[in-house]
$ cat structure02.cif   # mmCIF, C-alpha atoms
data_final
loop_
_atom_site.group_PDB
_atom_site.id
_atom_site.type_symbol
_atom_site.label_atom_id
_atom_site.label_comp_id
_atom_site.auth_asym_id
_atom_site.auth_seq_id
_atom_site.Cartn_x
_atom_site.Cartn_y
_atom_site.Cartn_z
ATOM 1 C CA ASN A 1 36.839 -84.583 51.801
ATOM 2 C CA THR A 2 39.215 -83.171 54.426
ATOM 3 C CA GLY A 3 41.355 -81.139 52.003
ATOM 4 C CA ASN A 4 40.829 -78.437 49.376
ATOM 5 C CA GLY A 5 38.891 -78.837 46.156
ATOM 6 C CA VAL A 6 40.488 -77.228 43.101
ATOM 7 C CA VAL A 7 44.088 -76.292 43.954
ATOM 8 C CA VAL A 8 46.355 -73.974 41.943
ATOM 9 C CA ASP A 9 49.774 -74.108 43.641
ATOM 10 C CA LYS A 10 52.776 -72.160 42.318
ATOM 11 C CA CYS A 11 51.318 -71.919 38.818
ATOM 12 C CA ALA A 12 50.845 -69.206 36.224
ATOM 13 C CA ASP A 13 48.380 -68.490 33.424
ATOM 14 C CA ILE A 14 45.527 -70.703 34.631
ATOM 15 C CA SER A 15 41.837 -70.118 33.895
ATOM 16 C CA ILE A 16 39.053 -71.788 35.869
ATOM 17 C CA ASP A 17 35.640 -71.201 34.328
ATOM 18 C CA SER A 18 32.122 -72.416 35.099
ATOM 19 C CA VAL A 19 33.011 -75.022 37.711
ATOM 20 C CA SER A 20 30.942 -76.114 40.701
ATOM 21 C CA VAL A 21 32.910 -77.134 43.798
ATOM 22 C CA THR A 22 31.317 -78.488 46.961
ATOM 23 C CA GLY A 23 31.932 -80.679 49.974
ATOM 24 C CA PHE A 24 35.547 -79.873 50.921
ATOM 25 C CA GLN A 25 36.638 -79.203 54.494
ATOM 26 C CA LYS A 26 39.090 -76.460 53.512
ATOM 27 C CA ALA A 27 38.564 -74.228 50.447
ATOM 28 C CA GLY A 28 36.468 -75.057 47.422
ATOM 29 C CA ILE A 29 39.072 -73.308 45.245
ATOM 30 C CA LEU A 30 42.553 -72.508 46.604
ATOM 31 C CA VAL A 31 45.101 -70.393 44.717
ATOM 32 C CA TYR A 32 48.517 -70.400 46.400
ATOM 33 C CA ALA A 33 51.635 -68.455 45.373
ATOM 34 C CA SER A 34 50.425 -68.219 41.772
ATOM 35 C CA SER A 35 50.046 -65.474 39.175
ATOM 36 C CA HIS A 36 47.850 -64.547 36.228
ATOM 37 C CA ILE A 37 44.931 -66.669 37.429
ATOM 38 C CA ALA A 38 41.292 -66.166 36.390
ATOM 39 C CA ILE A 39 38.355 -67.744 38.243
ATOM 40 C CA THR A 40 35.095 -66.951 36.482
ATOM 41 C CA HIS A 41 31.410 -67.901 36.524
ATOM 42 C CA SER A 42 31.885 -70.572 39.181
ATOM 43 C CA ARG A 43 29.859 -71.684 42.194
ATOM 44 C CA VAL A 44 31.559 -72.782 45.410
ATOM 45 C CA TYR A 45 29.263 -74.014 48.151
ATOM 46 C CA GLU A 46 29.132 -76.189 51.256
ATOM 47 C CA ASN A 47 32.883 -76.064 51.826
ATOM 48 C CA GLY A 48 34.471 -75.448 55.227
ATOM 49 C CA PHE A 49 37.188 -72.802 55.419
ATOM 50 C CA ALA A 50 36.100 -70.774 52.384
ATOM 51 C CA GLY A 51 34.452 -70.884 49.019
ATOM 52 C CA ILE A 52 37.463 -69.290 47.284
ATOM 53 C CA SER A 53 40.798 -68.629 49.008
ATOM 54 C CA ILE A 54 43.776 -66.737 47.567
ATOM 55 C CA ASP A 55 46.945 -67.106 49.621
ATOM 56 C CA GLY A 56 50.742 -67.125 49.449
ATOM 57 C CA GLU A 57 53.843 -67.185 51.587
ATOM 58 C CA TYR A 58 53.552 -64.816 54.533
ATOM 59 C CA GLY A 59 55.177 -61.477 53.849
ATOM 60 C CA GLU A 60 55.811 -62.240 50.189
ATOM 61 C CA ARG A 61 52.458 -61.365 48.598
ATOM 62 C CA ASN A 62 53.426 -63.797 45.873
ATOM 63 C CA SER A 63 49.956 -64.479 44.571
ATOM 64 C CA SER A 64 49.345 -61.738 42.012
ATOM 65 C CA GLN A 65 47.421 -60.673 38.912
ATOM 66 C CA ILE A 66 44.310 -62.596 39.889
ATOM 67 C CA LEU A 67 40.741 -62.105 38.666
ATOM 68 C CA ILE A 68 37.670 -63.511 40.403
ATOM 69 C CA SER A 69 34.590 -62.577 38.396
ATOM 70 C CA GLY A 70 30.966 -63.650 38.285
ATOM 71 C CA CYS A 71 31.325 -66.251 41.044
ATOM 72 C CA VAL A 72 28.943 -67.301 43.817
ATOM 73 C CA ALA A 73 30.232 -68.391 47.235
ATOM 74 C CA GLU A 74 27.394 -69.651 49.374
ATOM 75 C CA ASP A 75 26.592 -71.953 52.273
ATOM 76 C CA ASN A 76 30.235 -72.429 53.328
ATOM 77 C CA PRO A 77 29.697 -73.041 57.061
ATOM 78 C CA GLY A 78 33.149 -73.327 58.690
ATOM 79 C CA ASP A 79 35.963 -75.825 59.114
ATOM 80 C CA PRO A 80 35.081 -78.234 61.958
ATOM 81 C CA SER A 81 38.772 -78.928 62.648
ATOM 82 C CA ASN A 82 39.890 -75.286 62.958
ATOM 83 C CA PHE A 83 39.766 -74.116 66.570
ATOM 84 C CA THR A 84 42.434 -71.405 66.332
ATOM 85 C CA ASN A 85 41.315 -69.041 63.552
ATOM 86 C CA HIS A 86 38.357 -67.945 61.454
ATOM 87 C CA SER A 87 36.594 -70.180 58.903
ATOM 88 C CA GLY A 88 33.400 -70.092 56.889
ATOM 89 C CA ASN A 89 34.419 -67.280 54.537
ATOM 90 C CA GLY A 90 32.902 -66.625 51.142
ATOM 91 C CA ILE A 91 35.895 -65.218 49.220
ATOM 92 C CA ILE A 92 39.144 -64.401 51.030
ATOM 93 C CA ALA A 93 42.407 -63.013 49.618
ATOM 94 C CA GLY A 94 45.610 -62.851 51.660
ATOM 95 C CA ASN A 95 49.354 -62.540 51.103
ATOM 96 C CA CYS A 96 48.659 -61.278 47.601
ATOM 97 C CA LYS A 97 48.704 -58.240 45.328
ATOM 98 C CA THR A 98 46.850 -56.936 42.289
ATOM 99 C CA VAL A 99 43.629 -58.893 42.731
ATOM 100 C CA THR A 100 40.221 -57.955 41.297
ATOM 101 C CA ILE A 101 37.036 -59.443 42.733
ATOM 102 C CA GLU A 102 33.995 -58.304 40.781
ATOM 103 C CA TYR A 103 30.386 -59.225 40.057
ATOM 104 C CA CYS A 104 30.508 -61.883 42.783
ATOM 105 C CA THR A 105 27.998 -62.859 45.447
ATOM 106 C CA ALA A 106 28.751 -64.211 48.927
ATOM 107 C CA THR A 107 25.784 -65.403 50.951
ATOM 108 C CA ASN A 108 24.938 -67.531 53.985
ATOM 109 C CA ASN A 109 28.518 -68.336 54.932
ATOM 110 C CA GLY A 110 30.098 -68.811 58.346
ATOM 111 C CA TRP A 111 27.293 -69.967 60.625
ATOM 112 C CA ASP A 112 29.022 -73.130 61.859
ATOM 113 C CA MET A 113 32.537 -71.957 62.696
ATOM 114 C CA PRO A 114 33.533 -74.211 65.655
ATOM 115 C CA ARG A 115 34.977 -71.513 67.924
ATOM 116 C CA MET A 116 34.516 -68.106 69.469
ATOM 117 C CA GLY A 117 36.794 -65.234 68.529
ATOM 118 C CA ASN A 118 37.603 -63.639 65.180
ATOM 119 C CA GLY A 119 35.205 -64.877 62.570
ATOM 120 C CA PRO A 120 34.434 -65.068 58.850
ATOM 121 C CA VAL A 121 33.369 -62.410 56.354
ATOM 122 C CA GLY A 122 31.606 -62.634 52.996
ATOM 123 C CA ILE A 123 34.336 -61.064 50.816
ATOM 124 C CA TRP A 124 37.563 -59.746 52.314
ATOM 125 C CA CYS A 125 41.336 -59.471 52.231
ATOM 126 C CA PHE A 126 44.352 -59.190 54.544
ATOM 127 C CA GLU A 127 48.100 -58.626 54.039
ATOM 128 C CA ALA A 128 47.278 -57.548 50.502
ATOM 129 C CA ASP A 129 48.118 -54.708 48.124
ATOM 130 C CA SER A 130 46.197 -53.215 45.202
ATOM 131 C CA ILE A 131 42.947 -55.126 45.702
ATOM 132 C CA THR A 132 39.761 -54.043 43.911
ATOM 133 C CA ILE A 133 36.420 -55.370 45.129
ATOM 134 C CA GLN A 134 33.626 -54.000 42.969
ATOM 135 C CA TYR A 135 30.057 -54.672 41.846
ATOM 136 C CA CYS A 136 29.716 -57.424 44.451
ATOM 137 C CA ILE A 137 26.886 -58.427 46.782
ATOM 138 C CA ALA A 138 27.309 -59.876 50.276
ATOM 139 C CA HIS A 139 24.183 -60.805 52.200
ATOM 140 C CA ASP A 140 22.999 -63.055 55.025
ATOM 141 C CA ASN A 141 26.531 -63.947 56.081
ATOM 142 C CA LYS A 142 26.930 -65.136 59.642
ATOM 143 C CA THR A 143 29.353 -66.115 62.371
ATOM 144 C CA ALA A 144 29.325 -68.642 65.195
ATOM 145 C CA LYS A 145 27.223 -67.892 68.262
ATOM 146 C CA GLY A 146 29.155 -65.474 70.448
ATOM 147 C CA ALA A 147 31.949 -64.990 67.888
ATOM 148 C CA ASP A 148 33.028 -61.841 66.048
ATOM 149 C CA ASP A 149 32.693 -60.602 62.478
ATOM 150 C CA GLY A 150 30.114 -62.253 60.189
ATOM 151 C CA GLY A 151 30.140 -59.166 58.008
ATOM 152 C CA GLY A 152 29.792 -58.374 54.334
ATOM 153 C CA PHE A 153 33.144 -56.919 53.221
ATOM 154 C CA ASP A 154 36.429 -56.225 55.006
ATOM 155 C CA PHE A 155 39.824 -54.618 54.534
ATOM 156 C CA ASP A 156 41.692 -56.324 57.348
ATOM 157 C CA GLY A 157 45.238 -56.131 58.697
ATOM 158 C CA GLY A 158 48.039 -55.147 56.328
ATOM 159 C CA VAL A 159 45.868 -54.007 53.401
ATOM 160 C CA THR A 160 47.239 -51.173 51.255
ATOM 161 C CA ASN A 161 46.272 -49.194 48.126
ATOM 162 C CA SER A 162 42.922 -50.938 47.742
ATOM 163 C CA VAL A 163 39.300 -50.080 47.010
ATOM 164 C CA ILE A 164 35.811 -51.418 47.659
ATOM 165 C CA GLN A 165 33.313 -49.752 45.335
ATOM 166 C CA TYR A 166 29.807 -50.202 43.934
ATOM 167 C CA CYS A 167 29.038 -53.015 46.370
ATOM 168 C CA LEU A 168 25.848 -53.947 48.214
ATOM 169 C CA SER A 169 25.745 -55.420 51.703
ATOM 170 C CA TYR A 170 22.554 -56.451 53.481
ATOM 171 C CA LYS A 171 21.286 -58.640 56.310
ATOM 172 C CA ASN A 172 24.747 -59.730 57.442
ATOM 173 C CA GLN A 173 25.150 -60.489 61.145
ATOM 174 C CA GLY A 174 28.234 -58.274 61.366
ATOM 175 C CA ALA A 175 29.281 -54.960 59.866
ATOM 176 C CA ALA A 176 28.675 -54.238 56.204
ATOM 177 C CA PHE A 177 32.189 -52.865 55.702
ATOM 178 C CA GLY A 178 34.967 -53.713 58.136
ATOM 179 C CA ILE A 179 38.146 -51.685 58.590
ATOM 180 C CA PHE A 180 40.406 -53.673 60.907
ATOM 181 C CA GLN A 181 44.058 -53.852 61.899
ATOM 182 C CA TYR A 182 45.201 -56.722 64.108
ATOM 183 C CA ASN A 183 48.318 -56.968 66.269
ATOM 184 C CA GLY A 184 51.400 -57.895 64.247
ATOM 185 C CA ALA A 185 49.933 -56.984 60.863
ATOM 186 C CA SER A 186 51.810 -54.960 58.273
ATOM 187 C CA PRO A 187 50.889 -51.253 58.012
ATOM 188 C CA TRP A 188 47.361 -50.496 56.776
ATOM 189 C CA TYR A 189 47.018 -47.423 54.550
ATOM 190 C CA ASN A 190 45.614 -45.723 51.431
ATOM 191 C CA ASN A 191 42.403 -47.722 51.201
ATOM 192 C CA VAL A 192 39.033 -46.445 49.973
ATOM 193 C CA ILE A 193 35.450 -47.620 50.446
ATOM 194 C CA ARG A 194 33.055 -45.654 48.242
ATOM 195 C CA ASN A 195 29.742 -45.672 46.388
ATOM 196 C CA SER A 196 28.451 -48.697 48.282
ATOM 197 C CA ILE A 197 25.302 -49.521 50.268
ATOM 198 C CA SER A 198 24.561 -51.189 53.600
ATOM 199 C CA LYS A 199 21.021 -52.195 54.510
ATOM 200 C CA ASN A 200 19.973 -53.991 57.682
ATOM 201 C CA ASP A 201 23.458 -55.206 58.566
ATOM 202 C CA GLY A 202 24.582 -55.960 62.115
#

$ encode --input "structure02.cif" --output "structure tokens"
Amino acid sequence: NTGNGVVVDKCADISIDSVSVTGFQKAGILVYASSHIAITHSRVYENGFAGISIDGEYGERNSSQILISGCVAEDNPGDPSNFTNHSGNGIIAGNCKTVTIEYCTATNNGWDMPRMGNGPVGIWCFEADSITIQYCIAHDNKTAKGADDGGGFDFDGGVTNSVIQYCLSYKNQGAAFGIFQYNGASPWYNNVIRNSISKNDG
């Protein structure tokens, strides 16, 4: 399937529990410009762009009050049609605020991204405020040959007032914990990474 799997678009008060989503070129689960969304105890695997993607209108951060808990994002290789940006992420949250990602695992994502350049990460966010990533595991995540990233966790451009805590990263091709700011991103400030472990990461 060339699109997304489960799509929540401009909705509120939606719960997704114990689903299995596989075989989509874009995201297994996409939440766009929505609020008060819970995604729990679900497995997203063998999708292209990402297992789970939270997104909204650029600059608006209009996805909010979102919980992702007890989910597994694995074996999401990359989007074969995307030659201009990263793909193959486990769980990614952008253009959003007040998101909690906890007790999740991201593993073996990103190995077949069809480009060189910026790459995928196991669990990460960008252009986001008040994000909590906690009690998560990211391991054996990858990137395309010669490409960047392939790490465990990442606070990327435009992230503010956020925390990664009590997380474990191991055997990822890239860095365990990325702190990045790209050209044109909103200011990046007041973020904390604490009480977490990296073992045998790139």

$ residues_near_point --input "structure02.cif" --point "(33.3, -72.3, 53.2)" --cutoff "10 Å" --atoms "only C-alpha atoms" --output "ChimeraX atom specification"
/A:22-29,44-53,73-79,87-91,108-113,120,122

$ residues_around --input "structure02.cif" --residues "Asn82 of chain A" --least-positions-apart "4" --cutoff "8 Å" --atoms "all atoms listed in the file" --output "VMD selection string"
chain A and resid 86 to 87 114 to 115

$ resolve_selection --input "structure02.cif" --expression "the PyMOL selection byres ((chain A and resi 195) around 8)" --output "list in words"
Gln165, Tyr166, Cys167, Ile193, Arg194, Ser196 and Ile197 of chain A

$ closest_atom_pairs --input "structure02.cif" --of "segment 85-175 of chain A" --to "segment 199-202 of chain A" --cutoff "7 Å" --atoms "all atoms listed in the file" --output "CSV"
residue,atom,partner,partner_atom,distance
A:Ser169,CA,A:Lys199,CA,6.4
A:Tyr170,CA,A:Lys199,CA,4.6
A:Lys171,CA,A:Asp201,CA,4.6
A:Asn172,CA,A:Asp201,CA,4.8
A:Gln173,CA,A:Gly202,CA,4.7
A:Gly174,CA,A:Gly202,CA,4.4
A:Ala175,CA,A:Gly202,CA,5.3

$ residues_around --input "structure02.cif" --residues "Ile101 of chain A" --least-positions-apart "3" --cutoff "8 Å" --atoms "all atoms listed in the file" --output "JSON, numbers by chain"
{"A": [67, 68, 69, 104, 131, 132, 133, 134, 136]}

$ resolve_selection --input "structure02.cif" --expression "the PyMOL selection byres ((chain A and resi 56) around 8)" --output "PDB file with C-alpha atoms, keeping the file's coordinate frame"
ATOM      1  CA  TYR A  32      48.517 -70.400  46.400  1.00  0.00           C
ATOM      2  CA  ALA A  33      51.635 -68.455  45.373  1.00  0.00           C
ATOM      3  CA  SER A  34      50.425 -68.219  41.772  1.00  0.00           C
ATOM      4  CA  ILE A  54      43.776 -66.737  47.567  1.00  0.00           C
ATOM      5  CA  ASP A  55      46.945 -67.106  49.621  1.00  0.00           C
ATOM      6  CA  GLU A  57      53.843 -67.185  51.587  1.00  0.00           C
ATOM      7  CA  TYR A  58      53.552 -64.816  54.533  1.00  0.00           C
ATOM      8  CA  GLU A  60      55.811 -62.240  50.189  1.00  0.00           C
ATOM      9  CA  ARG A  61      52.458 -61.365  48.598  1.00  0.00           C
ATOM     10  CA  ASN A  62      53.426 -63.797  45.873  1.00  0.00           C
ATOM     11  CA  SER A  63      49.956 -64.479  44.571  1.00  0.00           C
ATOM     12  CA  GLY A  94      45.610 -62.851  51.660  1.00  0.00           C
ATOM     13  CA  ASN A  95      49.354 -62.540  51.103  1.00  0.00           C
ATOM     14  CA  CYS A  96      48.659 -61.278  47.601  1.00  0.00           C
TER      15      CYS A  96
END

$ closest_residue --input "structure02.cif" --among "A:Ile39, A:Val21, A:Ala176, A:Val72" --to "Asp149 of chain A" --atoms "only C-alpha atoms"
A:Ala176

$ decode --input "structure02.cif" --residues "segment 81-188 of chain A" --atoms "C-alpha atoms" --output "PDB file, in the first residue's frame"
ATOM      1  CA  SER A  81       9.846   6.889  -2.998  1.00  0.00           C
ATOM      2  CA  ASN A  82      11.407   9.470  -0.650  1.00  0.00           C
ATOM      3  CA  PHE A  83      14.679  10.797  -2.054  1.00  0.00           C
ATOM      4  CA  THR A  84      14.650  14.191  -0.321  1.00  0.00           C
ATOM      5  CA  ASN A  85      14.360  13.483   3.419  1.00  0.00           C
ATOM      6  CA  HIS A  86      14.770  10.822   6.085  1.00  0.00           C
ATOM      7  CA  SER A  87      12.601   7.685   6.333  1.00  0.00           C
ATOM      8  CA  GLY A  88      12.668   4.419   8.229  1.00  0.00           C
ATOM      9  CA  ASN A  89      11.924   5.869  11.666  1.00  0.00           C
ATOM     10  CA  GLY A  90      10.502   3.937  14.582  1.00  0.00           C
ATOM     11  CA  ILE A  91       8.437   6.627  16.354  1.00  0.00           C
ATOM     12  CA  ILE A  92       8.658  10.267  15.259  1.00  0.00           C
ATOM     13  CA  ALA A  93       6.829  13.317  16.646  1.00  0.00           C
ATOM     14  CA  GLY A  94       6.906  16.704  14.918  1.00  0.00           C
ATOM     15  CA  ASN A  95       4.924  19.943  14.868  1.00  0.00           C
ATOM     16  CA  CYS A  96       3.352  18.953  18.168  1.00  0.00           C
ATOM     17  CA  LYS A  97       3.232  19.671  21.891  1.00  0.00           C
ATOM     18  CA  THR A  98       2.555  17.812  25.125  1.00  0.00           C
ATOM     19  CA  VAL A  99       3.372  14.306  23.923  1.00  0.00           C
ATOM     20  CA  THR A 100       4.392  11.362  26.124  1.00  0.00           C
ATOM     21  CA  ILE A 101       6.151   8.345  24.634  1.00  0.00           C
ATOM     22  CA  GLU A 102       6.728   5.668  27.253  1.00  0.00           C
ATOM     23  CA  TYR A 103       7.408   1.956  27.639  1.00  0.00           C
ATOM     24  CA  CYS A 104       7.972   1.660  23.883  1.00  0.00           C
ATOM     25  CA  THR A 105      10.569  -0.236  21.880  1.00  0.00           C
ATOM     26  CA  ALA A 106      12.052   0.762  18.516  1.00  0.00           C
ATOM     27  CA  THR A 107      14.288  -1.788  16.838  1.00  0.00           C
ATOM     28  CA  ASN A 108      15.794  -2.622  13.448  1.00  0.00           C
ATOM     29  CA  ASN A 109      14.409   0.400  11.628  1.00  0.00           C
ATOM     30  CA  GLY A 110      15.909   2.467   8.826  1.00  0.00           C
ATOM     31  CA  TRP A 111      18.271   0.140   6.983  1.00  0.00           C
ATOM     32  CA  ASP A 112      16.751   0.639   3.524  1.00  0.00           C
ATOM     33  CA  MET A 113      16.325   4.405   3.273  1.00  0.00           C
ATOM     34  CA  PRO A 114      16.858   5.099  -0.478  1.00  0.00           C
ATOM     35  CA  ARG A 115      19.208   8.080  -0.144  1.00  0.00           C
ATOM     36  CA  MET A 116      22.278   9.512   1.508  1.00  0.00           C
ATOM     37  CA  GLY A 117      22.004  12.451   3.878  1.00  0.00           C
ATOM     38  CA  ASN A 118      20.015  12.947   7.072  1.00  0.00           C
ATOM     39  CA  GLY A 119      18.605   9.661   8.216  1.00  0.00           C
ATOM     40  CA  PRO A 120      16.170   7.938  10.576  1.00  0.00           C
ATOM     41  CA  VAL A 121      16.209   7.474  14.346  1.00  0.00           C
ATOM     42  CA  GLY A 122      14.480   4.970  16.620  1.00  0.00           C
ATOM     43  CA  ILE A 123      12.434   7.431  18.723  1.00  0.00           C
ATOM     44  CA  TRP A 124      12.694  11.181  18.207  1.00  0.00           C
ATOM     45  CA  CYS A 125      11.024  14.555  17.823  1.00  0.00           C
ATOM     46  CA  PHE A 126      11.445  17.900  16.045  1.00  0.00           C
ATOM     47  CA  GLU A 127       9.627  21.262  16.151  1.00  0.00           C
ATOM     48  CA  ALA A 128       7.996  20.074  19.356  1.00  0.00           C
ATOM     49  CA  ASP A 129       7.330  21.374  22.863  1.00  0.00           C
ATOM     50  CA  SER A 130       6.865  19.566  26.175  1.00  0.00           C
ATOM     51  CA  ILE A 131       7.760  16.071  24.975  1.00  0.00           C
ATOM     52  CA  THR A 132       8.493  13.287  27.474  1.00  0.00           C
ATOM     53  CA  ILE A 133      10.249  10.144  26.271  1.00  0.00           C
ATOM     54  CA  GLN A 134      10.678   7.725  29.155  1.00  0.00           C
ATOM     55  CA  TYR A 135      11.177   4.047  29.975  1.00  0.00           C
ATOM     56  CA  CYS A 136      11.821   3.277  26.305  1.00  0.00           C
ATOM     57  CA  ILE A 137      14.311   1.006  24.548  1.00  0.00           C
ATOM     58  CA  ALA A 138      15.908   1.680  21.159  1.00  0.00           C
ATOM     59  CA  HIS A 139      18.279  -0.924  19.768  1.00  0.00           C
ATOM     60  CA  ASP A 140      19.728  -2.159  16.479  1.00  0.00           C
ATOM     61  CA  ASN A 141      18.400   0.814  14.532  1.00  0.00           C
ATOM     62  CA  LYS A 142      20.190   1.593  11.301  1.00  0.00           C
ATOM     63  CA  THR A 143      20.544   4.003   8.412  1.00  0.00           C
ATOM     64  CA  ALA A 144      21.316   3.656   4.717  1.00  0.00           C
ATOM     65  CA  LYS A 145      24.895   2.946   3.684  1.00  0.00           C
ATOM     66  CA  GLY A 146      26.815   6.211   3.777  1.00  0.00           C
ATOM     67  CA  ALA A 147      23.911   8.173   5.296  1.00  0.00           C
ATOM     68  CA  ASP A 148      23.682   9.951   8.650  1.00  0.00           C
ATOM     69  CA  ASP A 149      21.882   9.246  11.915  1.00  0.00           C
ATOM     70  CA  GLY A 150      20.579   5.713  12.574  1.00  0.00           C
ATOM     71  CA  GLY A 151      20.559   6.460  16.279  1.00  0.00           C
ATOM     72  CA  GLY A 152      18.462   5.529  19.276  1.00  0.00           C
ATOM     73  CA  PHE A 153      16.842   8.763  20.507  1.00  0.00           C
ATOM     74  CA  ASP A 154      16.966  12.376  19.329  1.00  0.00           C
ATOM     75  CA  PHE A 155      15.868  15.878  20.258  1.00  0.00           C
ATOM     76  CA  ASP A 156      16.171  17.522  16.864  1.00  0.00           C
ATOM     77  CA  GLY A 157      15.603  21.038  15.544  1.00  0.00           C
ATOM     78  CA  GLY A 158      13.088  23.266  17.315  1.00  0.00           C
ATOM     79  CA  VAL A 159      12.555  21.093  20.408  1.00  0.00           C
ATOM     80  CA  THR A 160      11.808  22.911  23.672  1.00  0.00           C
ATOM     81  CA  ASN A 161      10.998  22.083  27.318  1.00  0.00           C
ATOM     82  CA  SER A 162      11.385  18.339  26.825  1.00  0.00           C
ATOM     83  CA  VAL A 163      12.972  15.358  28.554  1.00  0.00           C
ATOM     84  CA  ILE A 164      14.379  11.934  27.731  1.00  0.00           C
ATOM     85  CA  GLN A 165      14.703   9.853  30.890  1.00  0.00           C
ATOM     86  CA  TYR A 166      15.084   6.250  32.044  1.00  0.00           C
ATOM     87  CA  CYS A 167      15.773   5.039  28.509  1.00  0.00           C
ATOM     88  CA  LEU A 168      18.113   2.358  27.177  1.00  0.00           C
ATOM     89  CA  SER A 169      19.939   2.562  23.863  1.00  0.00           C
ATOM     90  CA  TYR A 170      22.182  -0.180  22.500  1.00  0.00           C
ATOM     91  CA  LYS A 171      23.704  -1.459  19.268  1.00  0.00           C
ATOM     92  CA  ASN A 172      22.364   1.387  17.137  1.00  0.00           C
ATOM     93  CA  GLN A 173      24.473   2.387  14.136  1.00  0.00           C
ATOM     94  CA  GLY A 174      24.331   6.055  15.134  1.00  0.00           C
ATOM     95  CA  ALA A 175      24.448   7.963  18.401  1.00  0.00           C
ATOM     96  CA  ALA A 176      22.443   6.782  21.381  1.00  0.00           C
ATOM     97  CA  PHE A 177      21.149  10.281  22.133  1.00  0.00           C
ATOM     98  CA  GLY A 178      21.192  12.977  19.470  1.00  0.00           C
ATOM     99  CA  ILE A 179      21.080  16.710  20.162  1.00  0.00           C
ATOM    100  CA  PHE A 180      20.697  18.447  16.805  1.00  0.00           C
ATOM    101  CA  GLN A 181      19.631  21.806  15.416  1.00  0.00           C
ATOM    102  CA  TYR A 182      19.239  22.173  11.656  1.00  0.00           C
ATOM    103  CA  ASN A 183      19.233  25.344   9.561  1.00  0.00           C
ATOM    104  CA  GLY A 184      15.866  27.106   9.628  1.00  0.00           C
ATOM    105  CA  ALA A 185      14.559  25.329  12.720  1.00  0.00           C
ATOM    106  CA  SER A 186      12.843  27.132  15.572  1.00  0.00           C
ATOM    107  CA  PRO A 187      14.971  27.817  18.680  1.00  0.00           C
ATOM    108  CA  TRP A 188      16.097  24.745  20.639  1.00  0.00           C
TER     109      TRP A 188
END
